[in-house]
>>> print(open('run.tsv').read())   # TSV, C-alpha atoms and all ligand atoms
chain	number	residue	atom	x	y	z
A	1	MET	CA	87.01	97.29	91.08
A	2	GLN	CA	88.91	99.85	93.17
A	3	ARG	CA	92.39	100.54	92.02
A	4	LEU	CA	94.94	102.12	94.32
A	5	GLN	CA	97.88	103.57	92.54
A	6	ALA	CA	100.86	105.68	93.52
A	7	PHE	CA	102.33	108.35	91.28
A	8	LYS	CA	105.84	109.41	92.15
A	9	PHE	CA	107.53	112.62	91.07
A	10	GLU	CA	110.66	114.54	91.90
A	11	LEU	CA	109.97	117.69	93.90
A	12	LYS	CA	111.58	121.00	93.04
A	13	PRO	CA	111.49	122.81	96.40
A	14	ASN	CA	112.82	126.33	96.81
A	15	GLY	CA	115.43	127.05	99.47
A	16	ASP	CA	112.97	127.61	102.32
A	17	GLN	CA	110.95	124.57	101.37
A	18	ALA	CA	114.04	122.38	101.17
A	19	ARG	CA	114.93	123.47	104.71
A	20	ASP	CA	111.38	122.74	105.89
A	21	LEU	CA	111.39	119.33	104.23
A	22	ARG	CA	114.55	118.41	106.16
A	23	ARG	CA	113.09	119.83	109.36
A	24	PHE	CA	109.78	117.95	108.99
A	25	ALA	CA	111.52	114.67	108.21
A	26	GLY	CA	113.78	115.23	111.23
A	27	SER	CA	110.82	116.04	113.49
A	28	CYS	CA	108.95	112.91	112.43
A	29	ARG	CA	112.08	110.89	113.13
A	30	PHE	CA	112.40	112.60	116.53
A	31	VAL	CA	108.80	111.76	117.45
A	32	TYR	CA	109.18	108.18	116.26
A	33	ASN	CA	112.40	107.67	118.23
A	34	ARG	CA	111.08	109.36	121.35
A	35	ALA	CA	107.95	107.22	121.31
A	36	LEU	CA	110.04	104.10	120.72
A	37	ALA	CA	112.35	104.97	123.65
A	38	LEU	CA	109.26	105.46	125.81
A	39	GLN	CA	107.80	102.09	124.82
A	40	GLN	CA	111.13	100.41	125.59
A	41	GLU	CA	111.26	102.10	129.00
A	42	ARG	CA	107.72	100.98	129.78
A	43	TYR	CA	108.59	97.46	128.74
A	44	ALA	CA	111.68	97.47	131.00
A	45	THR	CA	109.62	98.56	134.01
A	46	GLY	CA	106.83	96.07	133.27
A	47	GLU	CA	104.31	98.65	132.14
A	48	LYS	CA	101.91	98.05	129.28
A	49	LYS	CA	102.79	99.36	125.85
A	50	LEU	CA	100.93	102.55	124.93
A	51	GLY	CA	98.52	102.32	122.02
A	52	TYR	CA	98.32	104.84	119.22
A	53	PHE	CA	95.83	107.03	121.08
A	54	GLY	CA	98.00	107.13	124.18
A	55	LEU	CA	100.97	108.18	122.10
A	56	SER	CA	98.91	110.69	120.20
A	57	LYS	CA	97.93	112.36	123.49
A	58	LEU	CA	101.60	112.56	124.44
A	59	LEU	CA	102.37	114.15	121.10
A	60	THR	CA	99.95	116.96	121.94
A	61	GLU	CA	101.82	117.46	125.25
A	62	TRP	CA	105.16	117.56	123.44
A	63	ARG	CA	103.85	120.10	120.97
A	64	ASN	CA	102.64	122.27	123.88
A	65	SER	CA	105.74	121.98	126.05
A	66	THR	CA	108.35	124.72	125.94
A	67	GLU	CA	111.16	122.16	125.64
A	68	THR	CA	109.93	120.83	122.31
A	69	ALA	CA	107.88	123.81	121.18
A	70	TRP	CA	109.42	123.57	117.69
A	71	LEU	CA	107.22	120.51	117.12
A	72	ALA	CA	104.23	122.86	116.96
A	73	ASP	CA	105.63	124.31	113.71
A	74	VAL	CA	105.53	120.92	112.04
A	75	PRO	CA	102.27	119.70	110.44
A	76	VAL	CA	100.50	117.43	112.88
A	77	HIS	CA	99.33	114.71	110.48
A	78	PRO	CA	102.82	113.57	109.45
A	79	LEU	CA	103.85	113.51	113.13
A	80	ARG	CA	100.83	111.38	114.00
A	81	GLN	CA	101.57	109.20	111.01
A	82	SER	CA	105.02	108.39	112.39
A	83	LEU	CA	103.32	107.22	115.62
A	84	LYS	CA	101.02	105.04	113.52
A	85	ASP	CA	104.09	103.69	111.74
A	86	LEU	CA	105.62	102.78	115.10
A	87	ASP	CA	102.39	101.08	116.13
A	88	GLN	CA	102.42	99.12	112.88
A	89	ALA	CA	106.09	98.23	113.37
A	90	TYR	CA	105.17	96.73	116.77
A	91	ALA	CA	102.20	94.90	115.27
A	92	ASN	CA	104.48	93.40	112.60
A	93	PHE	CA	106.95	92.42	115.28
A	94	PHE	CA	104.33	90.70	117.47
A	95	ALA	CA	102.94	88.91	114.39
A	96	LYS	CA	106.51	87.71	113.72
A	97	ARG	CA	106.54	89.44	110.35
A	98	ALA	CA	109.44	91.69	111.25
A	99	ASP	CA	112.22	92.36	113.75
A	100	ALA	CA	111.63	94.61	116.75
A	101	PRO	CA	111.30	98.30	115.80
A	102	ARG	CA	114.60	100.10	115.67
A	103	PHE	CA	115.59	103.72	116.12
A	104	LYS	CA	115.66	105.74	112.92
A	105	LYS	CA	118.88	107.36	111.87
A	106	LYS	CA	119.30	110.60	109.99
A	107	GLY	CA	119.56	110.10	106.24
A	108	GLN	CA	118.05	106.63	106.45
A	109	SER	CA	114.73	106.49	104.66
A	110	ASP	CA	113.93	110.12	105.46
A	111	SER	CA	110.24	110.43	104.78
A	112	PHE	CA	106.91	111.60	106.13
A	113	ARG	CA	103.31	111.17	105.09
A	114	TYR	CA	100.30	113.43	104.87
A	115	SER	CA	97.12	111.43	105.39
A	116	ASP	CA	94.78	114.45	105.63
A	117	SER	CA	93.81	114.40	101.96
A	118	GLU	CA	91.29	117.25	102.31
A	119	LYS	CA	94.20	119.65	103.07
A	120	ILE	CA	96.20	118.56	100.03
A	121	LYS	CA	95.68	120.34	96.73
A	122	LEU	CA	96.99	119.03	93.45
A	123	ASP	CA	97.31	121.48	90.57
A	124	GLN	CA	98.48	119.31	87.69
A	125	ALA	CA	98.10	121.99	85.02
A	126	ASN	CA	100.75	124.05	86.81
A	127	SER	CA	102.82	121.08	88.00
A	128	ARG	CA	102.47	121.93	91.67
A	129	ILE	CA	101.08	120.41	94.83
A	130	PHE	CA	99.97	122.14	98.03
A	131	LEU	CA	101.03	120.51	101.30
A	132	PRO	CA	100.19	121.86	104.79
A	133	LYS	CA	102.95	124.11	106.22
A	134	LEU	CA	105.00	123.75	103.04
A	135	GLY	CA	102.75	125.62	100.64
A	136	TRP	CA	102.81	125.11	96.88
A	137	LEU	CA	105.67	122.89	95.80
A	138	ARG	CA	106.70	122.44	92.19
A	139	TYR	CA	107.27	118.92	90.90
A	140	ARG	CA	108.67	117.35	87.76
A	141	ASN	CA	105.38	116.51	86.08
A	142	SER	CA	106.00	113.44	83.93
A	143	ARG	CA	102.52	111.93	83.78
A	144	GLU	CA	98.91	112.52	84.62
A	145	VAL	CA	97.72	111.60	88.11
A	146	LEU	CA	94.47	109.62	87.92
A	147	GLY	CA	91.88	109.22	90.67
A	148	VAL	CA	91.18	110.82	94.03
A	149	VAL	CA	94.20	111.68	96.20
A	150	LYS	CA	94.18	109.59	99.40
A	151	ASN	CA	97.55	110.42	100.91
A	152	VAL	CA	100.95	111.83	100.03
A	153	THR	CA	104.38	110.61	101.07
A	154	VAL	CA	107.40	112.89	100.84
A	155	SER	CA	110.78	111.19	100.85
A	156	GLN	CA	114.43	111.88	100.27
A	157	SER	CA	116.78	109.73	98.26
A	158	GLY	CA	120.24	110.53	96.96
A	159	GLY	CA	119.95	114.18	97.96
A	160	LYS	CA	116.66	114.66	96.06
A	161	TRP	CA	113.12	114.98	97.38
A	162	PHE	CA	110.24	113.01	95.95
A	163	VAL	CA	106.51	113.04	96.34
A	164	SER	CA	104.45	109.88	96.04
A	165	ILE	CA	100.76	110.59	95.51
A	166	GLN	CA	98.51	107.66	96.35
A	167	THR	CA	95.14	107.73	94.64
A	168	GLU	CA	92.03	105.61	94.44
A	169	ARG	CA	89.71	105.18	91.49
A	170	GLU	CA	87.04	102.88	90.18
A	171	VAL	CA	88.06	100.89	87.11
A	172	GLU	CA	86.29	98.19	85.15
A	173	ARG	CA	87.59	94.72	85.71
A	174	PRO	CA	89.54	94.16	82.50
A	175	ILE	CA	89.38	91.03	80.37
A	176	PRO	CA	92.77	89.33	80.46
A	177	GLN	CA	94.68	89.24	77.18
A	178	GLY	CA	96.96	86.48	75.96
A	179	GLY	CA	97.68	82.96	77.04
A	180	ALA	CA	99.58	81.23	79.82
A	181	VAL	CA	103.32	81.26	80.30
A	182	GLY	CA	105.87	79.85	82.76
A	183	ILE	CA	108.94	81.73	83.97
A	184	ASP	CA	112.29	80.40	85.06
A	185	MET	CA	114.24	82.92	87.14
A	186	GLY	CA	118.01	82.83	87.06
A	187	ILE	CA	121.29	84.63	87.45
A	188	VAL	CA	122.80	84.23	83.99
A	189	ARG	CA	119.42	84.97	82.40
A	190	PHE	CA	117.17	87.06	84.60
A	191	ALA	CA	113.97	85.47	83.28
A	192	THR	CA	113.35	82.78	80.67
A	193	LEU	CA	109.79	82.19	79.44
A	194	SER	CA	108.40	78.84	78.43
A	195	ASP	CA	107.94	80.19	74.88
A	196	GLY	CA	111.69	80.76	74.66
A	197	THR	CA	111.76	84.53	75.29
A	198	VAL	CA	114.80	85.56	77.32
A	199	TYR	CA	115.26	88.63	79.52
A	200	ALA	CA	118.95	89.23	80.04
A	201	PRO	CA	120.17	90.26	83.48
A	202	LEU	CA	120.77	93.89	84.25
A	203	ASN	CA	124.45	94.16	83.47
A	204	SER	CA	124.88	97.72	84.58
A	205	PHE	CA	125.19	96.37	88.14
A	206	LYS	CA	128.71	95.23	87.27
A	207	ARG	CA	129.79	98.71	86.31
A	208	HIS	CA	128.11	100.25	89.34
A	209	GLU	CA	129.57	97.60	91.59
A	210	THR	CA	133.16	98.48	90.72
A	211	ARG	CA	132.46	102.17	91.21
A	212	LEU	CA	130.73	101.49	94.50
A	213	ARG	CA	133.62	99.41	95.80
A	214	LYS	CA	136.09	102.16	94.93
A	215	ALA	CA	133.90	104.81	96.52
A	216	GLN	CA	133.54	102.72	99.66
A	217	GLN	CA	137.30	102.22	99.86
A	218	ALA	CA	137.83	105.96	99.47
A	219	LEU	CA	135.30	106.57	102.24
A	220	SER	CA	137.05	104.18	104.62
A	221	ARG	CA	140.33	106.12	104.23
A	222	LYS	CA	138.79	109.44	105.25
A	223	VAL	CA	138.72	110.81	108.76
A	224	LYS	CA	135.23	110.21	110.08
A	225	PHE	CA	132.90	113.26	109.97
A	226	SER	CA	135.52	115.40	108.20
A	227	ASN	CA	134.44	117.38	105.13
A	228	ASN	CA	136.11	114.93	102.79
A	229	TRP	CA	134.41	112.07	104.59
A	230	LYS	CA	131.04	113.74	104.09
A	231	LYS	CA	131.76	114.20	100.39
A	232	ALA	CA	132.84	110.57	100.02
A	233	LYS	CA	129.77	109.40	101.91
A	234	ALA	CA	127.48	111.41	99.67
A	235	ARG	CA	129.16	109.79	96.68
A	236	VAL	CA	128.54	106.28	98.06
A	237	GLN	CA	124.89	107.17	98.65
A	238	ARG	CA	124.59	108.55	95.13
A	239	ILE	CA	125.86	105.32	93.60
A	240	HIS	CA	123.49	103.29	95.79
A	241	SER	CA	120.59	105.39	94.62
A	242	ARG	CA	121.66	105.03	90.97
A	243	ILE	CA	121.76	101.25	91.39
A	244	ARG	CA	118.29	101.29	92.93
A	245	ASN	CA	116.91	103.36	90.07
A	246	ALA	CA	118.47	101.21	87.37
A	247	ARG	CA	117.07	98.12	89.04
A	248	ARG	CA	113.60	99.58	89.47
A	249	ASP	CA	113.54	100.61	85.83
A	250	PHE	CA	114.65	97.21	84.66
A	251	LEU	CA	112.14	95.34	86.82
A	252	HIS	CA	109.27	97.57	85.74
A	253	LYS	CA	110.08	97.21	82.05
A	254	THR	CA	110.32	93.44	82.31
A	255	SER	CA	107.22	92.93	84.48
A	256	THR	CA	105.17	95.26	82.25
A	257	ALA	CA	106.22	93.45	79.07
A	258	ILE	CA	105.30	90.05	80.52
A	259	SER	CA	102.01	91.08	82.14
A	260	LYS	CA	100.84	92.87	78.97
A	261	ASN	CA	100.99	89.77	76.83
A	262	HIS	CA	99.80	87.06	79.19
A	263	ALA	CA	96.64	86.30	81.12
A	264	MET	CA	98.25	83.72	83.38
A	265	VAL	CA	101.85	83.71	84.52
A	266	CYS	CA	103.36	80.84	86.50
A	267	ILE	CA	106.44	81.41	88.57
A	268	GLU	CA	108.47	79.39	91.01
A	269	ASP	CA	107.58	80.08	94.62
A	270	LEU	CA	111.03	81.21	95.69
A	271	GLN	CA	111.86	81.53	99.35
A	272	VAL	CA	114.85	83.44	100.65
A	273	GLY	CA	116.62	80.16	101.40
A	274	ASN	CA	116.03	78.85	97.90
A	275	MET	CA	117.43	81.95	96.38
A	276	THR	CA	120.66	81.80	98.31
A	277	LYS	CA	120.94	78.22	97.17
A	278	SER	CA	120.21	79.03	93.56
A	279	ALA	CA	123.07	81.51	93.46
A	280	ALA	CA	125.53	79.08	95.00
A	281	GLY	CA	124.16	76.21	92.96
A	282	THR	CA	124.11	72.66	94.25
A	283	ILE	CA	126.83	70.06	94.33
A	284	ALA	CA	125.43	68.59	91.12
A	285	GLN	CA	125.04	71.96	89.44
A	286	PRO	CA	127.40	74.50	90.91
A	287	GLY	CA	126.37	78.05	90.14
A	288	ARG	CA	128.72	80.03	87.99
A	289	ASN	CA	130.75	82.85	89.42
A	290	VAL	CA	129.52	82.09	92.93
A	291	ARG	CA	131.99	84.46	94.55
A	292	GLY	CA	130.97	87.35	92.35
A	293	LYS	CA	127.34	86.78	93.27
A	294	ALA	CA	128.02	86.48	96.96
A	295	GLY	CA	128.16	90.20	97.62
A	296	LEU	CA	126.21	93.13	96.36
A	297	ASN	CA	125.22	91.57	93.07
A	298	LYS	CA	123.47	88.67	94.73
A	299	SER	CA	121.67	90.74	97.29
A	300	ILE	CA	120.42	93.00	94.53
A	301	LEU	CA	119.22	90.03	92.54
A	302	ASP	CA	117.55	88.51	95.57
A	303	GLN	CA	115.64	91.67	96.27
A	304	GLY	CA	114.99	92.00	92.56
A	305	TRP	CA	113.23	88.66	92.42
A	306	PHE	CA	110.88	89.52	95.25
A	307	GLU	CA	110.16	92.91	93.77
A	308	PHE	CA	109.71	91.44	90.29
A	309	ARG	CA	107.15	88.96	91.58
A	310	ARG	CA	105.30	91.67	93.49
A	311	GLN	CA	105.12	93.81	90.35
A	312	LEU	CA	103.98	90.93	88.17
A	313	ASP	CA	101.29	90.12	90.70
A	314	TYR	CA	99.69	93.57	90.75
A	315	LYS	CA	100.23	94.35	87.09
A	316	LEU	CA	98.55	91.10	86.09
A	317	ALA	CA	95.69	91.85	88.48
A	318	TRP	CA	95.27	95.27	86.86
A	319	ARG	CA	94.84	93.63	83.50
A	320	GLY	CA	92.49	90.95	84.79
A	321	GLY	CA	95.13	88.22	84.68
A	322	TRP	CA	96.71	86.30	87.52
A	323	LEU	CA	99.97	85.01	88.89
A	324	ILE	CA	100.36	81.44	90.05
A	325	ALA	CA	103.23	80.44	92.30
A	326	VAL	CA	104.27	76.80	92.15
A	327	PRO	CA	106.60	74.86	94.43
A	328	PRO	CA	110.04	74.71	92.82
A	329	GLN	CA	110.35	70.93	92.96
A	330	ASN	CA	112.21	69.20	90.15
A	331	THR	CA	111.43	71.96	87.67
A	332	SER	CA	115.00	71.84	86.42
A	333	ARG	CA	115.31	68.05	86.32
A	334	THR	CA	112.06	66.85	84.75
A	335	CYS	CA	111.90	66.07	81.02
A	336	PRO	CA	108.97	67.97	79.49
A	337	CYS	CA	108.82	65.37	76.71
A	338	CYS	CA	108.64	62.04	78.59
A	339	GLY	CA	108.42	63.14	82.24
A	340	HIS	CA	111.60	61.37	83.31
A	341	VAL	CA	113.06	62.98	86.47
A	342	SER	CA	116.81	62.81	86.91
A	343	ALA	CA	119.65	65.10	87.90
A	344	ASP	CA	121.56	63.53	84.99
A	345	ASN	CA	119.19	65.25	82.60
A	346	ARG	CA	121.05	68.41	83.31
A	347	GLN	CA	124.73	67.85	82.70
A	348	THR	CA	125.68	71.52	82.47
A	349	GLN	CA	124.18	74.74	83.72
A	350	ASP	CA	122.54	75.71	80.44
A	351	ARG	CA	121.96	72.44	78.59
A	352	PHE	CA	119.17	69.93	79.23
A	353	GLU	CA	119.40	66.49	77.67
A	354	CYS	CA	116.99	63.76	78.76
A	355	VAL	CA	118.84	60.52	79.52
A	356	GLU	CA	115.64	58.58	78.81
A	357	CYS	CA	114.27	59.96	75.52
A	358	GLY	CA	117.06	62.20	74.28
A	359	PHE	CA	115.00	65.45	74.33
A	360	GLU	CA	117.32	68.44	74.13
A	361	GLU	CA	116.61	72.05	75.00
A	362	ASN	CA	118.05	75.00	76.84
A	363	ALA	CA	117.84	74.18	80.55
A	364	ASP	CA	116.12	77.46	81.50
A	365	VAL	CA	113.42	76.96	78.88
A	366	VAL	CA	112.85	73.45	80.24
A	367	GLY	CA	112.54	74.92	83.74
A	368	ALA	CA	109.98	77.45	82.47
A	369	ILE	CA	107.95	74.77	80.67
A	370	ASN	CA	107.85	72.70	83.86
A	371	VAL	CA	106.80	75.73	85.90
A	372	LEU	CA	103.97	76.34	83.43
A	373	ARG	CA	102.86	72.70	83.72
A	374	ALA	CA	102.92	72.84	87.50
A	375	GLY	CA	100.83	76.02	87.27
A	376	HIS	CA	98.25	74.31	85.07
A	377	ALA	CA	98.17	71.38	87.48
A	378	ARG	CA	97.59	73.70	90.42
A	379	LEU	CA	94.80	75.46	88.58
A	380	ALA	CA	93.16	72.12	87.68
A	381	CYS	CA	93.05	71.19	91.37
A	382	GLU	CA	91.18	74.39	92.14
A	383	VAL	CA	88.37	73.77	89.64
A	384	SER	CA	85.29	73.04	91.67
A	385	PRO	CA	83.92	69.62	90.62
A	386	ALA	CA	80.20	70.39	90.90
A	387	GLY	CA	79.68	73.58	88.94
A	388	GLY	CA	82.75	73.04	86.83
A	389	GLN	CA	83.47	76.70	87.32
A	390	GLN	CA	87.01	77.77	87.62
A	391	GLN	CA	87.95	79.46	90.84
A	392	GLU	CA	90.40	82.23	90.77
A	393	PRO	CA	93.64	81.36	92.51
A	394	THR	CA	94.30	83.32	95.67
A	395	GLU	CA	96.91	85.58	94.12
A	396	ALA	CA	94.40	86.98	91.69
A	397	THR	CA	92.08	88.17	94.44
A	398	GLN	CA	94.56	90.73	95.66
A	399	SER	CA	93.87	93.91	93.83
A	400	GLY	CA	96.99	95.66	92.70
A	401	SER	CA	97.58	98.28	95.29
A	402	MET	CA	101.19	99.12	94.80
A	403	SER	CA	103.14	101.86	93.22
A	404	ASP	CA	103.82	101.89	89.55
B	1	ZN	ZN	112.62	62.60	78.17
>>> encode(input="run.tsv", output="structure tokens")
Amino acid sequence: MQRLQAFKFELKPNGDQARDLRRFAGSCRFVYNRALALQQERYATGEKKLGYFGLSKLLTEWRNSTETAWLADVPVHPLRQSLKDLDQAYANFFAKRADAPRFKKKGQSDSFRYSDSEKIKLDQANSRIFLPKLGWLRYRNSREVLGVVKNVTVSQSGGKWFVSIQTEREVERPIPQGGAVGIDMGIVRFATLSDGTVYAPLNSFKRHETRLRKAQQALSRKVKFSNNWKKAKARVQRIHSRIRNARRDFLHKTSTAISKNHAMVCIEDLQVGNMTKSAAGTIAQPGRNVRGKAGLNKSILDQGWFEFRRQLDYKLAWRGGWLIAVPPQNTSRTCPCCGHVSADNRQTQDRFECVECGFEENADVVGAINVLRAGHARLACEVSPAGGQQQEPTEATQSGSMSD
């Protein structure tokens, strides 16, 4: 099977290169915004939206015009890529997958992508990569890049530049290792497995949260666009980026540990609405520390759950295993021993005690056991009756194509 994988490294540009990186990112943003403004104008006057090729033609005009001649000094592939991105943003919008495309602001996801792989040279032995109009750039080489380079994305985060190298390679379909497990996702415990393993939440958020709040307060007291304001703003951005990194690290460690040891992982099919509810709790089972979760912490956790699931999905696929999502009905209220369903089974947040048979267990473990059972049930339904051959659930057919 084909495996797409992204390898991300920090770039170590020299002074000229750092200036060019900023300039290229700014030019891509300029082209994106100009094309978006044009599309909006056309829409307002009842004209048809331009397709990628129409926009691409305009880009050539812009690069040749004296007014925007500086665009000619920027590599053309990243500029075209930002037009493709705009086209994709519109496609997502029309398919109701996303909001209407918005103008890009400076400092907000500054990035650009080289899709002309034949012009890119990767020299791993010397920890450097060649990119058109930037030349050889050094990078912090932390691991070997495997496969054929397909494209390269350069991005800025927290004042640093990164390169993400997407590659493709043929790998053997691995034989999944380990058994099946169910996961209960929560706030107090990030993940509880049906075998009793517990992954604690990432507590460093708390520390970061206090620092972030203070930094944000400091920022609000500064005169906008003054030097002190800029310094304070950079500080806020730094803390945000530290939070992101800590979270990414935590999610990767957890999803790797679980996918390594299991062939089949069952997880509750959480929707955004469910997650908001699970933080606030229900009337019967109010969530703890609801106010504390309402702000940053909760939003981080919410995103974390989606990201965690995405990682589990592709990491399991890499190892030949699969992820099964089950509807989250009654998983916290069903007795795994006798099957009795009642809200009374769960008197407190962390204790489960069946009112029918007296079975006692930690409530999260019970949730995980029920998720595992629901997963088995779903799998049983997908066994074709004639051949008796087990079909792979849909999740497993997606090959892992995401960054690591
Ligand atoms: Zn029972």
>>> residues_around(input="run.tsv", residues="segment 27-38 of chain A", least_positions_apart="4", cutoff="10 Å", atoms="only C-alpha atoms", output="PDB file with C-alpha atoms, in the frame of the given file")
ATOM      1  CA  LEU A  21     111.390 119.330 104.230  1.00  0.00           C
ATOM      2  CA  ARG A  22     114.550 118.410 106.160  1.00  0.00           C
ATOM      3  CA  ARG A  23     113.090 119.830 109.360  1.00  0.00           C
ATOM      4  CA  ARG A  42     107.720 100.980 129.780  1.00  0.00           C
ATOM      5  CA  TYR A  43     108.590  97.460 128.740  1.00  0.00           C
ATOM      6  CA  ALA A  44     111.680  97.470 131.000  1.00  0.00           C
ATOM      7  CA  LYS A  49     102.790  99.360 125.850  1.00  0.00           C
ATOM      8  CA  LEU A  50     100.930 102.550 124.930  1.00  0.00           C
ATOM      9  CA  LEU A  55     100.970 108.180 122.100  1.00  0.00           C
ATOM     10  CA  SER A  56      98.910 110.690 120.200  1.00  0.00           C
ATOM     11  CA  LEU A  58     101.600 112.560 124.440  1.00  0.00           C
ATOM     12  CA  LEU A  59     102.370 114.150 121.100  1.00  0.00           C
ATOM     13  CA  TRP A  62     105.160 117.560 123.440  1.00  0.00           C
ATOM     14  CA  TRP A  70     109.420 123.570 117.690  1.00  0.00           C
ATOM     15  CA  LEU A  71     107.220 120.510 117.120  1.00  0.00           C
ATOM     16  CA  ASP A  73     105.630 124.310 113.710  1.00  0.00           C
ATOM     17  CA  VAL A  74     105.530 120.920 112.040  1.00  0.00           C
ATOM     18  CA  PRO A  75     102.270 119.700 110.440  1.00  0.00           C
ATOM     19  CA  VAL A  76     100.500 117.430 112.880  1.00  0.00           C
ATOM     20  CA  HIS A  77      99.330 114.710 110.480  1.00  0.00           C
ATOM     21  CA  PRO A  78     102.820 113.570 109.450  1.00  0.00           C
ATOM     22  CA  LEU A  79     103.850 113.510 113.130  1.00  0.00           C
ATOM     23  CA  ARG A  80     100.830 111.380 114.000  1.00  0.00           C
ATOM     24  CA  GLN A  81     101.570 109.200 111.010  1.00  0.00           C
ATOM     25  CA  SER A  82     105.020 108.390 112.390  1.00  0.00           C
ATOM     26  CA  LEU A  83     103.320 107.220 115.620  1.00  0.00           C
ATOM     27  CA  LYS A  84     101.020 105.040 113.520  1.00  0.00           C
ATOM     28  CA  ASP A  85     104.090 103.690 111.740  1.00  0.00           C
ATOM     29  CA  LEU A  86     105.620 102.780 115.100  1.00  0.00           C
ATOM     30  CA  ASP A  87     102.390 101.080 116.130  1.00  0.00           C
ATOM     31  CA  TYR A  90     105.170  96.730 116.770  1.00  0.00           C
ATOM     32  CA  PRO A 101     111.300  98.300 115.800  1.00  0.00           C
ATOM     33  CA  ARG A 102     114.600 100.100 115.670  1.00  0.00           C
ATOM     34  CA  PHE A 103     115.590 103.720 116.120  1.00  0.00           C
ATOM     35  CA  LYS A 104     115.660 105.740 112.920  1.00  0.00           C
ATOM     36  CA  LYS A 105     118.880 107.360 111.870  1.00  0.00           C
ATOM     37  CA  LYS A 106     119.300 110.600 109.990  1.00  0.00           C
ATOM     38  CA  GLN A 108     118.050 106.630 106.450  1.00  0.00           C
ATOM     39  CA  SER A 109     114.730 106.490 104.660  1.00  0.00           C
ATOM     40  CA  ASP A 110     113.930 110.120 105.460  1.00  0.00           C
ATOM     41  CA  SER A 111     110.240 110.430 104.780  1.00  0.00           C
ATOM     42  CA  PHE A 112     106.910 111.600 106.130  1.00  0.00           C
ATOM     43  CA  ARG A 113     103.310 111.170 105.090  1.00  0.00           C
TER      44      ARG A 113
END
>>> residues_near_ligand(input="run.tsv", ligand="ligand ZN 1 (chain B)", cutoff="10 Å", atoms="all atoms listed in the file", output="PyMOL selection string")
chain A and resi 334-342+345+352-360
>>> axis_aligned_box(input="run.tsv", around="segment 354-372 of chain A", padding_each_side="4 Å", output="JSON")
{"center_x": 111.4, "center_y": 68.0, "center_z": 80.0, "size_x": 22.9, "size_y": 26.9, "size_z": 19.8}
>>> residues_around(input="run.tsv", residues="Leu219 of chain A", least_positions_apart="3", cutoff="8 Å", atoms="only C-alpha atoms", output="PyMOL selection string")
chain A and resi 215-216+222+229+232-233+236
>>> write_last_selection(input="run.tsv", atoms="C-alpha atoms", output="PDB file, in the coordinates of the input")
ATOM      1  CA  ALA A 215     133.900 104.810  96.520  1.00  0.00           C
ATOM      2  CA  GLN A 216     133.540 102.720  99.660  1.00  0.00           C
ATOM      3  CA  LYS A 222     138.790 109.440 105.250  1.00  0.00           C
ATOM      4  CA  TRP A 229     134.410 112.070 104.590  1.00  0.00           C
ATOM      5  CA  ALA A 232     132.840 110.570 100.020  1.00  0.00           C
ATOM      6  CA  LYS A 233     129.770 109.400 101.910  1.00  0.00           C
ATOM      7  CA  VAL A 236     128.540 106.280  98.060  1.00  0.00           C
TER       8      VAL A 236
END
>>> closest_residue(input="run.tsv", among="A:Ile267, A:Val149, A:Ala91, A:Ala6", to="Gly186 of chain A", atoms="all atoms listed in the file")
A:Ile267
>>> atom_distance(input="run.tsv", atom1="atom CA of Val148 of chain A", atom2="atom CA of Thr167 of chain A")
5.1 Å
>>> closest_residue(input="run.tsv", among="A:Gln40, A:Asn245, A:Ser117, A:Gln217", to="Leu202 of chain A", atoms="only C-alpha atoms")
A:Asn245
>>> atom_distance(input="run.tsv", atom1="atom CA of Gly179 of chain A", atom2="atom CA of Met264 of chain A")
6.4 Å
>>> atom_distance(input="run.tsv", atom1="atom CA of Arg211 of chain A", atom2="atom CA of Ser241 of chain A")
12.8 Å
>>> residues_around(input="run.tsv", residues="segment 175-177 of chain A", least_positions_apart="3", cutoff="7 Å", atoms="all atoms listed in the file", output="number ranges by chain")
A: 261-263, 319-321
>>> residues_around(input="run.tsv", residues="segment 188-190 of chain A", least_positions_apart="4", cutoff="9 Å", atoms="all atoms listed in the file", output="list of chain:residue names")
A:Asp184, A:Val198, A:Tyr199, A:Ala200, A:Pro201, A:Leu202, A:Arg288, A:Leu301, A:Trp305, A:Asp364
>>> residues_around(input="run.tsv", residues="Arg140 of chain A", least_positions_apart="4", cutoff="8 Å", atoms="all atoms listed in the file", output="PyMOL selection string")
chain A and resi 9-12+127
>>> closest_residue(input="run.tsv", among="A:His240, A:Gly196, A:Val366, A:Thr331", to="Thr210 of chain A", atoms="all atoms listed in the file")
A:His240
>>> closest_residue(input="run.tsv", among="A:Arg221, A:Ile183, A:Phe130, A:Ala246", to="His208 of chain A", atoms="only C-alpha atoms")
A:Ala246
>>> closest_residue(input="run.tsv", among="A:Phe250, A:Phe24, A:Phe162, A:Tyr139", to="Glu307 of chain A", atoms="all atoms listed in the file")
A:Phe250
